[in-house]
>>> print(open('work.cif').read())   # mmCIF, C-alpha atoms
data_upload
loop_
_atom_site.label_atom_id
_atom_site.label_comp_id
_atom_site.auth_asym_id
_atom_site.auth_seq_id
_atom_site.Cartn_x
_atom_site.Cartn_y
_atom_site.Cartn_z
CA MET A 23 -22.02 15.24 -19.65
CA ARG A 24 -21.19 11.95 -17.97
CA VAL A 25 -17.69 10.60 -18.56
CA ASP A 26 -16.67 7.09 -17.60
CA VAL A 27 -13.49 7.02 -15.47
CA SER A 28 -13.41 3.37 -14.22
CA ALA A 29 -10.16 3.71 -12.31
CA PRO A 30 -9.18 2.18 -8.99
CA ILE A 31 -8.81 4.88 -6.35
CA LEU A 32 -5.51 3.31 -5.35
CA ALA A 33 -4.48 2.98 -9.02
CA ARG A 34 -0.98 4.33 -8.47
CA ASN A 35 -0.35 2.06 -5.50
CA GLU A 36 -1.63 -0.94 -7.42
CA ARG A 37 0.50 -0.19 -10.48
CA LEU A 38 3.66 0.17 -8.38
CA ALA A 39 2.77 -2.97 -6.39
CA ALA A 40 2.57 -4.89 -9.67
CA GLU A 41 6.01 -3.54 -10.61
CA ASN A 42 7.40 -4.59 -7.22
CA ARG A 43 5.86 -8.05 -7.65
CA GLN A 44 7.54 -8.38 -11.05
CA ARG A 45 10.94 -7.42 -9.62
CA PHE A 46 10.54 -9.90 -6.74
CA ALA A 47 9.59 -12.66 -9.20
CA GLU A 48 12.56 -11.95 -11.45
CA ALA A 49 14.98 -12.03 -8.50
CA GLY A 50 13.31 -15.10 -6.95
CA VAL A 51 12.61 -13.31 -3.66
CA PHE A 52 9.74 -14.34 -1.37
CA VAL A 53 8.17 -11.29 0.27
CA LEU A 54 6.25 -11.36 3.54
CA ASP A 55 4.20 -8.36 4.77
CA LEU A 56 3.84 -8.55 8.54
CA LEU A 57 0.89 -6.68 10.10
CA ALA A 58 0.06 -6.14 13.78
CA SER A 59 -0.77 -3.55 16.43
CA PRO A 60 2.05 -1.58 18.04
CA GLY A 61 3.65 -3.79 20.69
CA ALA A 62 2.32 -7.14 19.41
CA GLY A 63 5.90 -8.31 18.89
CA LYS A 64 6.55 -7.83 15.19
CA THR A 65 10.24 -7.12 15.58
CA SER A 66 10.74 -9.97 18.07
CA MET A 67 8.91 -12.30 15.67
CA ILE A 68 11.18 -11.21 12.83
CA LEU A 69 14.27 -11.88 14.96
CA ALA A 70 12.92 -15.33 15.92
CA THR A 71 12.17 -16.06 12.25
CA ILE A 72 15.66 -14.95 11.25
CA ASP A 73 17.22 -17.24 13.87
CA ALA A 74 15.18 -20.20 12.64
CA LEU A 75 15.71 -19.70 8.89
CA ARG A 76 19.02 -17.89 8.45
CA ASP A 77 20.92 -21.13 7.70
CA ARG A 78 18.53 -21.93 4.85
CA TYR A 79 17.74 -18.53 3.39
CA ARG A 80 19.38 -15.18 2.85
CA ILE A 81 17.09 -12.74 4.65
CA ALA A 82 16.62 -8.97 4.56
CA VAL A 83 14.13 -6.75 6.38
CA ILE A 84 12.29 -3.53 5.56
CA GLU A 85 11.14 -1.74 8.70
CA GLY A 86 8.19 0.64 8.51
CA ASP A 87 7.66 3.11 11.32
CA ILE A 88 6.31 6.61 11.68
CA ALA A 89 9.65 7.72 13.10
CA SER A 90 13.06 6.46 14.32
CA SER A 91 15.38 3.68 13.17
CA VAL A 92 15.19 1.71 16.43
CA ASP A 93 13.84 -1.43 14.76
CA ALA A 94 16.26 -1.42 11.82
CA GLU A 95 19.17 -1.09 14.28
CA LYS A 96 17.94 -4.17 16.17
CA ILE A 97 17.78 -6.19 12.96
CA LYS A 98 21.19 -4.98 11.77
CA ALA A 99 22.68 -5.90 15.14
CA HIS A 100 21.57 -9.42 14.26
CA GLY A 101 23.76 -9.32 11.15
CA VAL A 102 20.89 -9.03 8.68
CA PRO A 103 20.50 -6.21 6.13
CA ALA A 104 17.72 -3.84 7.16
CA VAL A 105 16.24 -0.71 5.61
CA GLN A 106 14.22 1.70 7.69
CA ILE A 107 11.28 3.55 6.14
CA ASN A 108 9.96 6.49 8.14
CA THR A 109 6.47 7.31 6.97
CA GLY A 110 6.51 10.64 8.79
CA GLY A 111 2.98 10.17 10.12
CA ALA A 112 1.39 7.89 7.54
CA CYS A 113 -0.27 4.90 9.20
CA HIS A 114 0.68 2.27 6.60
CA LEU A 115 3.32 1.47 3.99
CA GLU A 116 2.63 2.03 0.28
CA SER A 117 4.21 0.38 -2.71
CA ASP A 118 6.32 3.38 -3.76
CA MET A 119 7.96 3.38 -0.30
CA ILE A 120 8.76 -0.31 -0.79
CA ARG A 121 10.16 0.37 -4.25
CA ARG A 122 12.53 3.01 -2.88
CA ALA A 123 13.61 0.76 -0.01
CA VAL A 124 14.18 -2.16 -2.39
CA ASP A 125 16.39 0.09 -4.55
CA THR A 126 18.88 0.14 -1.68
CA LEU A 127 18.98 -3.68 -1.40
CA ASP A 128 20.63 -6.23 -3.68
CA LEU A 129 17.66 -8.48 -4.48
CA ASP A 130 19.89 -11.10 -6.09
CA GLU A 131 21.43 -11.69 -2.66
CA ILE A 132 18.08 -12.19 -0.92
CA ASP A 133 15.74 -15.20 -0.69
CA LEU A 134 13.32 -13.88 1.91
CA LEU A 135 12.35 -10.24 2.36
CA ILE A 136 10.31 -9.47 5.46
CA ILE A 137 8.40 -6.18 5.56
CA GLU A 138 7.41 -4.97 9.01
CA ASN A 139 4.43 -2.72 8.35
CA VAL A 140 3.48 0.22 10.57
CA GLY A 141 1.74 -0.94 13.76
CA ASN A 142 -1.95 -0.67 12.82
CA LEU A 143 -4.78 -3.17 12.31
CA VAL A 144 -6.75 -1.11 9.79
CA CYS A 145 -5.11 0.77 6.92
CA PRO A 146 -2.25 -1.59 5.91
CA THR A 147 -4.88 -4.17 4.97
CA ASP A 148 -6.03 -2.28 1.85
CA PHE A 149 -2.55 -1.58 0.47
CA ASP A 150 -0.96 -4.13 -1.82
CA LEU A 151 2.84 -3.82 -1.64
CA GLY A 152 3.62 -6.58 -4.15
CA GLU A 153 4.11 -9.14 -1.36
CA HIS A 154 3.44 -12.89 -1.62
CA ALA A 155 1.63 -13.09 1.71
CA LYS A 156 0.21 -10.81 4.35
CA VAL A 157 0.52 -12.41 7.78
CA MET A 158 -0.88 -10.87 10.94
CA ILE A 159 0.25 -11.15 14.52
CA LEU A 160 -2.05 -10.79 17.49
CA SER A 161 -0.56 -10.98 20.97
CA VAL A 162 -2.34 -12.58 23.92
CA PRO A 163 -2.52 -9.35 26.04
CA GLU A 164 -4.50 -7.61 23.28
CA GLY A 165 -7.47 -9.89 23.95
CA HIS A 166 -9.40 -12.58 22.09
CA ASP A 167 -12.10 -10.15 20.94
CA LYS A 168 -9.91 -8.26 18.44
CA PRO A 169 -11.22 -10.19 15.38
CA TYR A 170 -14.71 -8.83 16.10
CA LYS A 171 -13.36 -5.29 16.11
CA TYR A 172 -10.87 -5.49 13.24
CA PRO A 173 -12.37 -8.17 11.00
CA ASN A 174 -10.77 -7.24 7.69
CA ILE A 175 -7.18 -7.87 8.69
CA PHE A 176 -8.10 -11.36 9.93
CA ALA A 177 -10.06 -12.02 6.75
CA ARG A 178 -7.18 -11.06 4.49
CA ALA A 179 -4.23 -12.61 6.35
CA GLU A 180 -2.86 -15.87 4.98
CA ALA A 181 -1.77 -16.92 8.44
CA VAL A 182 -2.45 -15.62 11.95
CA ILE A 183 0.27 -15.72 14.59
CA LEU A 184 -0.83 -15.67 18.23
CA ASN A 185 2.23 -14.23 19.95
CA LYS A 186 3.15 -14.05 23.66
CA TYR A 187 1.48 -17.42 24.08
CA ASP A 188 3.66 -17.98 27.16
CA THR A 189 1.59 -15.33 28.97
CA LEU A 190 -1.74 -17.12 28.39
CA SER A 191 -2.19 -18.06 32.05
CA VAL A 192 -1.91 -14.43 33.17
CA PHE A 193 -4.49 -12.95 30.82
CA ASP A 194 -8.18 -13.50 30.37
CA PHE A 195 -7.71 -14.74 26.80
CA ASP A 196 -10.23 -17.28 25.50
CA GLU A 197 -8.25 -19.20 22.89
CA ALA A 198 -11.19 -21.36 21.78
CA GLU A 199 -13.34 -18.30 21.11
CA PHE A 200 -10.46 -16.56 19.33
CA ARG A 201 -9.95 -19.53 17.01
CA GLU A 202 -13.67 -19.78 16.34
CA VAL A 203 -14.03 -16.12 15.34
CA VAL A 204 -10.88 -16.23 13.20
CA SER A 205 -12.18 -19.31 11.39
CA ARG A 206 -15.51 -17.60 10.76
CA LEU A 207 -13.69 -14.67 9.17
CA ASN A 208 -11.10 -16.77 7.39
CA ALA A 209 -11.75 -20.47 7.14
CA VAL A 210 -8.39 -21.32 5.61
CA ALA A 211 -5.70 -19.32 7.45
CA PRO A 212 -3.74 -21.39 9.96
CA VAL A 213 -3.30 -20.03 13.50
CA PHE A 214 0.17 -20.39 15.04
CA PRO A 215 0.30 -19.92 18.83
CA LEU A 216 3.88 -19.14 19.76
CA SER A 217 6.23 -17.10 21.88
CA ALA A 218 8.86 -15.16 19.96
CA THR A 219 10.88 -14.68 23.15
CA THR A 220 10.87 -18.27 24.51
CA GLY A 221 10.84 -19.85 21.05
CA GLU A 222 7.89 -22.09 21.90
CA GLY A 223 5.83 -22.82 18.78
CA VAL A 224 8.12 -20.94 16.39
CA ASP A 225 8.96 -24.16 14.49
CA ALA A 226 5.41 -24.65 13.19
CA TRP A 227 5.33 -21.08 11.89
CA THR A 228 8.72 -21.24 10.19
CA ALA A 229 7.87 -24.65 8.67
CA TRP A 230 4.74 -23.08 7.10
CA LEU A 231 6.77 -20.11 5.87
CA ALA A 232 9.51 -22.33 4.42
CA GLU A 233 6.85 -24.35 2.61
CA ARG A 234 5.47 -21.17 1.05
CA ILE A 235 8.94 -20.01 0.05
CA GLU A 236 9.68 -23.36 -1.60
CA ALA A 237 6.33 -23.32 -3.43
CA VAL A 238 7.16 -19.96 -4.97
CA ARG A 239 10.67 -21.12 -5.86
CA ALA A 240 9.24 -24.21 -7.52
CA GLY A 241 7.13 -21.86 -9.62
CA SER A 242 3.78 -23.03 -8.35
CA GLY A 243 2.66 -19.44 -8.28
CA PRO A 244 1.90 -16.94 -5.59
CA ALA A 245 -0.53 -18.71 -3.36
CA GLY A 246 -2.84 -21.33 -4.65
CA LEU A 247 -6.28 -20.79 -3.25
CA VAL A 248 -6.46 -19.06 0.04
CA GLY A 249 -10.17 -18.86 0.60
CA GLN A 250 -11.42 -15.32 0.76
CA GLU A 251 -8.07 -13.86 -0.23
CA GLY A 252 -9.53 -13.06 -3.60
CA THR A 253 -8.34 -14.62 -6.80
CA ASP A 254 -9.25 -11.32 -8.41
CA GLU A 255 -5.73 -10.15 -7.68
CA THR A 256 -3.18 -10.41 -10.44
CA MET B 9 -9.16 11.61 -1.93
CA SER B 10 -6.31 13.63 -3.44
CA GLY B 11 -5.80 10.67 -5.82
CA VAL B 12 -9.49 10.74 -6.72
CA LEU B 13 -9.42 14.45 -7.46
CA GLU B 14 -6.22 14.15 -9.50
CA ALA B 15 -7.65 11.35 -11.63
CA CYS B 16 -10.97 13.16 -12.09
CA THR B 17 -9.51 16.55 -12.94
CA ALA B 18 -7.09 14.89 -15.39
CA THR B 19 -10.02 13.19 -17.14
CA ALA B 20 -12.08 16.39 -17.05
CA ARG B 21 -9.26 18.43 -18.58
CA ARG B 22 -8.78 15.86 -21.31
CA GLU B 23 -12.47 16.30 -22.17
CA GLY B 24 -12.11 20.09 -22.13
CA ALA B 25 -14.43 20.48 -19.13
CA THR B 26 -14.98 23.79 -17.37
CA ARG B 27 -16.36 22.19 -14.23
CA ILE B 28 -16.97 18.82 -12.54
CA ASN B 29 -20.57 18.62 -11.26
CA GLU B 30 -20.38 15.16 -9.80
CA ILE B 31 -17.88 12.44 -8.95
CA ARG B 32 -19.23 8.89 -8.51
CA VAL B 33 -17.12 6.42 -6.54
CA ARG B 34 -17.79 2.79 -5.72
CA VAL B 35 -16.79 1.53 -2.27
CA GLY B 36 -16.98 -2.15 -1.33
CA GLU B 37 -18.51 -3.14 2.01
CA LEU B 38 -15.36 -5.06 2.91
CA SER B 39 -12.95 -2.17 2.34
CA GLU B 40 -11.65 -0.07 5.21
CA VAL B 41 -13.14 3.14 3.89
CA MET B 42 -15.54 5.41 5.73
CA GLU B 43 -18.01 7.33 3.62
CA ASP B 44 -17.91 10.24 6.08
CA ALA B 45 -14.14 10.45 5.79
CA LEU B 46 -14.39 10.52 1.99
CA ARG B 47 -16.95 13.33 2.15
CA PHE B 48 -14.86 15.30 4.61
CA ALA B 49 -11.78 14.94 2.41
CA PHE B 50 -13.76 15.92 -0.70
CA GLU B 51 -14.99 19.08 0.97
CA ALA B 52 -11.53 19.92 2.25
CA LEU B 53 -9.66 19.25 -0.98
CA SER B 54 -12.05 20.17 -3.81
CA PRO B 55 -11.96 23.99 -3.43
CA GLY B 56 -9.63 25.43 -6.04
CA THR B 57 -10.08 22.42 -8.34
CA LEU B 58 -12.54 21.85 -11.19
CA ALA B 59 -14.66 19.91 -8.70
CA GLU B 60 -15.22 22.90 -6.42
CA GLY B 61 -18.92 23.08 -5.55
CA GLY B 62 -19.57 19.66 -7.06
CA HIS B 63 -21.12 16.57 -5.47
CA LEU B 64 -19.53 13.34 -4.33
CA VAL B 65 -21.77 10.31 -4.84
CA VAL B 66 -20.71 7.20 -2.95
CA GLU B 67 -22.15 3.91 -4.14
CA ASN B 68 -21.76 1.05 -1.66
CA VAL B 69 -21.05 -2.34 -3.21
CA ALA B 70 -22.25 -5.48 -1.43
CA ALA B 71 -19.88 -8.37 -0.81
CA THR B 72 -20.34 -11.39 -3.08
CA SER B 73 -18.23 -14.48 -3.73
CA ARG B 74 -18.28 -17.47 -6.06
CA CYS B 75 -17.77 -21.06 -4.89
CA VAL B 76 -14.80 -22.62 -6.68
CA GLU B 77 -16.55 -26.01 -6.66
CA CYS B 78 -20.14 -25.47 -7.75
CA ARG B 79 -19.63 -21.94 -9.13
CA VAL B 80 -22.62 -20.57 -7.22
CA GLU B 81 -22.40 -16.83 -6.63
CA PHE B 82 -23.74 -15.57 -3.31
CA SER B 83 -23.75 -12.44 -1.16
CA HIS B 84 -22.40 -12.45 2.38
CA GLY B 85 -21.16 -10.37 5.28
CA ARG B 86 -17.73 -10.44 6.88
CA PHE B 87 -18.35 -13.61 8.87
CA ASP B 88 -19.05 -17.23 7.91
CA VAL B 89 -18.33 -16.93 4.20
CA ALA B 90 -19.19 -20.34 2.72
CA CYS B 91 -21.04 -21.65 -0.30
CA PRO B 92 -24.77 -21.85 0.55
CA GLN B 93 -25.12 -24.86 -1.75
CA CYS B 94 -22.23 -27.13 -0.78
CA GLY B 95 -20.70 -25.48 2.29
CA ASN B 96 -17.27 -25.10 0.66
CA VAL B 97 -15.18 -22.29 2.17
CA PHE B 98 -12.88 -21.92 -0.85
CA CYS B 99 -14.54 -19.06 -2.63
CA GLU B 100 -13.36 -16.37 -5.04
CA ALA B 101 -14.13 -12.80 -4.05
CA VAL B 102 -16.34 -11.27 -6.73
CA SER B 103 -17.23 -7.91 -5.20
CA GLY B 104 -17.05 -6.03 -1.93
CA ARG B 105 -13.45 -4.81 -2.04
CA GLU B 106 -14.02 -2.04 -4.60
CA LEU B 107 -12.37 1.31 -4.19
CA GLU B 108 -12.90 2.87 -7.57
CA ILE B 109 -13.90 5.99 -9.40
CA GLU B 110 -16.84 5.15 -11.62
CA SER B 111 -17.59 8.33 -13.53
CA ILE B 112 -17.73 12.10 -13.49
CA ASP B 113 -20.34 14.51 -14.72
CA ILE B 114 -18.82 17.59 -16.35
CA ASP B 115 -19.78 20.86 -17.97
CA LEU B 116 -18.24 21.66 -21.34
CA PRO B 117 -17.50 25.25 -22.46
CA GLY B 118 -20.82 25.50 -24.39
CA ASP B 119 -22.91 24.41 -21.39
CA ARG B 120 -24.89 26.93 -19.44
CA GLU B 121 -23.76 27.46 -15.89
CA GLU B 122 -26.64 25.70 -14.16
CA GLY B 123 -24.93 24.29 -11.12
CA THR B 124 -25.54 20.64 -10.60
CA SER B 125 -26.89 17.81 -12.66
#
>>> encode(input="work.cif", output="structure tokens")
Amino acid sequence: MRVDVSAPILARNERLAAENRQRFAEAGVFVLDLLASPGAGKTSMILATIDALRDRYRIAVIEGDIASSVDAEKIKAHGVPAVQINTGGACHLESDMIRRAVDTLDLDEIDLLIIENVGNLVCPTDFDLGEHAKVMILSVPEGHDKPYKYPNIFARAEAVILNKYDTLSVFDFDEAEFREVVSRLNAVAPVFPLSATTGEGVDAWTAWLAERIEAVRAGSGPAGLVGQEGTDET
Amino acid sequence: MSGVLEACTATARREGATRINEIRVRVGELSEVMEDALRFAFEALSPGTLAEGGHLVVENVAATSRCVECRVEFSHGRFDVACPQCGNVFCEAVSGRELEIESIDIDLPGDREEGTS
């Protein structure tokens, strides 16, 4: 006998993500999910973003790593609340991990919550955490051909940061080709070339982020249209 | 896959099933899921459950989108997603990201033990 099930495979994750999203909306918190390979500069980018926006917004960070609290310590040393999630081997964060981390934060005291996902260009893409935007970072030394190899993350990101831009002259990185492939995968995501360590280009990125935060505060909804980032999401 | 088996065995139990012959899942072309990995996980995890000895059927779902301007629906790959009629790149995803359990085929207590469907 055939029985209809019609359930998403990630049903539990999606239900908890919706609950997270509701909590973030009630507390007026903008949530950013930052995705990149290991070593692309996620933590440095977060520190640069904190420096640029800490006078305007109250910021907190959730750090996802397989092991250690190295990253959370770096953020805390900057005077910003940070919660470390150790996935113990899992290659991505899931929404119940975020829920438990958020339980330890006072959302009413936060305007911007940055989630540093586990360094990985594949699995985090399919997991909704309840965030407002997924943003990905690629660093110049990784090479301009990464969008061919990991297309989905570029297709789903709402913005692409090209980090370590100050090293462009040392590496064989074809920026024009990179931009062309990214635009073929995602015609609407802006690309921000910058260096988190020198600060070059960080302004354009933080201006975009601040605009998104203000749009959510003004109640104009989660995103507006972001091309292929489907409007099938709730 | 453990989530798939949990959901399927819960449904099967609710129906009073003695065995799950088949599990049908739908996987979108744009999702990061490998059919081989699903099959491997099914074979590793199904023994000892109602689905032991059953089949996993994976249905691949093509990627399609709808233009927000002229409402044309079209299929596409990962690259160069744009409306074939007006060239607009603002398109709503219609299909291709599916990761869902469609249905199960079960035996009920009265059924003869015949193996698969």
>>> resolve_selection(input="work.cif", expression="the PyMOL selection byres ((chain A and resi 217-221) around 9)", output="list in words")
Gly63, Ser66, Met67, Ile68, Leu69, Ala70, Thr71, Leu184, Asn185, Lys186, Tyr187, Asp188, Thr189, Pro215, Leu216, Glu222, Gly223, Val224 and Asp225 of chain A
>>> resolve_selection(input="work.cif", expression="the PyMOL selection byres ((chain B) within 6 of (chain A))", output="PyMOL selection string")
chain B and resi 12+87-88+98-101+107-114
>>> resolve_selection(input="work.cif", expression="the PyMOL selection byres ((chain A and resi 200) around 9)", output="NGL selection string")
:A and (165-169 or 195-199 or 201-205)
>>> residues_around(input="work.cif", residues="B:Val69", least_positions_apart="2", cutoff="6 Å", atoms="all atoms listed in the file", output="PyMOL selection string")
chain B and resi 35-37+104
>>> atom_distance(input="work.cif", atom1="atom CA of B:Glu14", atom2="atom CA of A:Leu38")
17.2 Å
>>> closest_residue(input="work.cif", among="B:Leu53, B:Ala59, B:Leu38, B:Val65", to="B:Arg86", atoms="all atoms listed in the file")
B:Leu38
>>> closest_residue(input="work.cif", among="A:Ala181, A:Ala74, A:Ile132, A:Cys113", to="A:Ala47", atoms="only C-alpha atoms")
A:Ile132
>>> atom_distance(input="work.cif", atom1="atom CA of B:Gly95", atom2="atom CA of B:Ser39")
24.6 Å
>>> closest_residue(input="work.cif", among="B:Arg105, B:Arg47, B:Arg74, B:Arg32", to="B:Ala90", atoms="all atoms listed in the file")
B:Arg74
>>> closest_residue(input="work.cif", among="B:Val102, B:Leu13, B:Asn68, B:His63", to="B:Glu81", atoms="only C-alpha atoms")
B:Val102
>>> atom_distance(input="work.cif", atom1="atom CA of A:Gly61", atom2="atom CA of A:Glu233")
27.6 Å
>>> residues_around(input="work.cif", residues="B:Gly118", least_positions_apart="5", cutoff="12 Å", atoms="all atoms listed in the file", output="list in words")
Met23 of chain A; Gly24, Ala25, Thr26 and Arg27 of chain B
>>> residues_around(input="work.cif", residues="stretch 40-43 of chain A", least_positions_apart="5", cutoff="7 Å", atoms="all atoms listed in the file", output="ChimeraX atom specification")
/A:121,152-153
>>> closest_residue(input="work.cif", among="B:Ser73, B:Glu40, B:Ile28, B:Ala18", to="A:Leu143", atoms="only C-alpha atoms")
B:Glu40
>>> residues_around(input="work.cif", residues="A:Ala179", least_positions_apart="6", cutoff="6 Å", atoms="only C-alpha atoms", output="list in words")
Lys156, Val157 and Met158 of chain A
>>> build_atoms(input="work.cif", residues="stretch 47-61 of chain B", atoms="N, CA, C and O atoms", output="tab-separated table (two decimals), in the coordinates of the input")
chain	number	residue	atom	x	y	z
B	47	ARG	N	-16.22	12.06	2.34
B	47	ARG	CA	-16.95	13.33	2.15
B	47	ARG	C	-16.17	14.50	2.76
B	47	ARG	O	-16.07	15.57	2.16
B	48	PHE	N	-15.64	14.25	3.94
B	48	PHE	CA	-14.86	15.30	4.61
B	48	PHE	C	-13.67	15.69	3.74
B	48	PHE	O	-13.39	16.87	3.51
B	49	ALA	N	-12.96	14.67	3.23
B	49	ALA	CA	-11.78	14.94	2.41
B	49	ALA	C	-12.17	15.66	1.11
B	49	ALA	O	-11.47	16.57	0.66
B	50	PHE	N	-13.31	15.26	0.53
B	50	PHE	CA	-13.76	15.92	-0.70
B	50	PHE	C	-14.02	17.40	-0.45
B	50	PHE	O	-13.60	18.26	-1.23
B	51	GLU	N	-14.68	17.68	0.67
B	51	GLU	CA	-14.99	19.08	0.97
B	51	GLU	C	-13.74	19.88	1.30
B	51	GLU	O	-13.65	21.07	0.98
B	52	ALA	N	-12.76	19.21	1.89
B	52	ALA	CA	-11.53	19.92	2.25
B	52	ALA	C	-10.64	20.15	1.03
B	52	ALA	O	-9.96	21.18	0.95
B	53	LEU	N	-10.64	19.20	0.11
B	53	LEU	CA	-9.66	19.25	-0.98
B	53	LEU	C	-10.20	19.79	-2.31
B	53	LEU	O	-9.42	20.21	-3.16
B	54	SER	N	-11.54	19.79	-2.48
B	54	SER	CA	-12.05	20.17	-3.81
B	54	SER	C	-11.99	21.68	-4.11
B	54	SER	O	-11.86	22.04	-5.28
B	55	PRO	N	-12.06	22.56	-3.09
B	55	PRO	CA	-11.96	23.99	-3.43
B	55	PRO	C	-10.66	24.30	-4.18
B	55	PRO	O	-9.60	23.80	-3.82
B	56	GLY	N	-10.80	25.10	-5.23
B	56	GLY	CA	-9.63	25.43	-6.04
B	56	GLY	C	-9.39	24.45	-7.17
B	56	GLY	O	-8.50	24.65	-7.99
B	57	THR	N	-10.20	23.37	-7.22
B	57	THR	CA	-10.08	22.42	-8.34
B	57	THR	C	-11.33	22.56	-9.21
B	57	THR	O	-12.27	23.26	-8.85
B	58	LEU	N	-11.35	21.84	-10.32
B	58	LEU	CA	-12.54	21.85	-11.19
B	58	LEU	C	-13.77	21.30	-10.48
B	58	LEU	O	-14.89	21.55	-10.89
B	59	ALA	N	-13.54	20.55	-9.40
B	59	ALA	CA	-14.66	19.91	-8.70
B	59	ALA	C	-15.24	20.79	-7.59
B	59	ALA	O	-16.15	20.37	-6.88
B	60	GLU	N	-14.72	22.00	-7.46
B	60	GLU	CA	-15.22	22.90	-6.42
B	60	GLU	C	-16.74	23.10	-6.58
B	60	GLU	O	-17.22	23.39	-7.68
B	61	GLY	N	-17.47	22.90	-5.50
B	61	GLY	CA	-18.92	23.08	-5.55
B	61	GLY	C	-19.67	21.86	-6.09
B	61	GLY	O	-20.89	21.85	-6.14
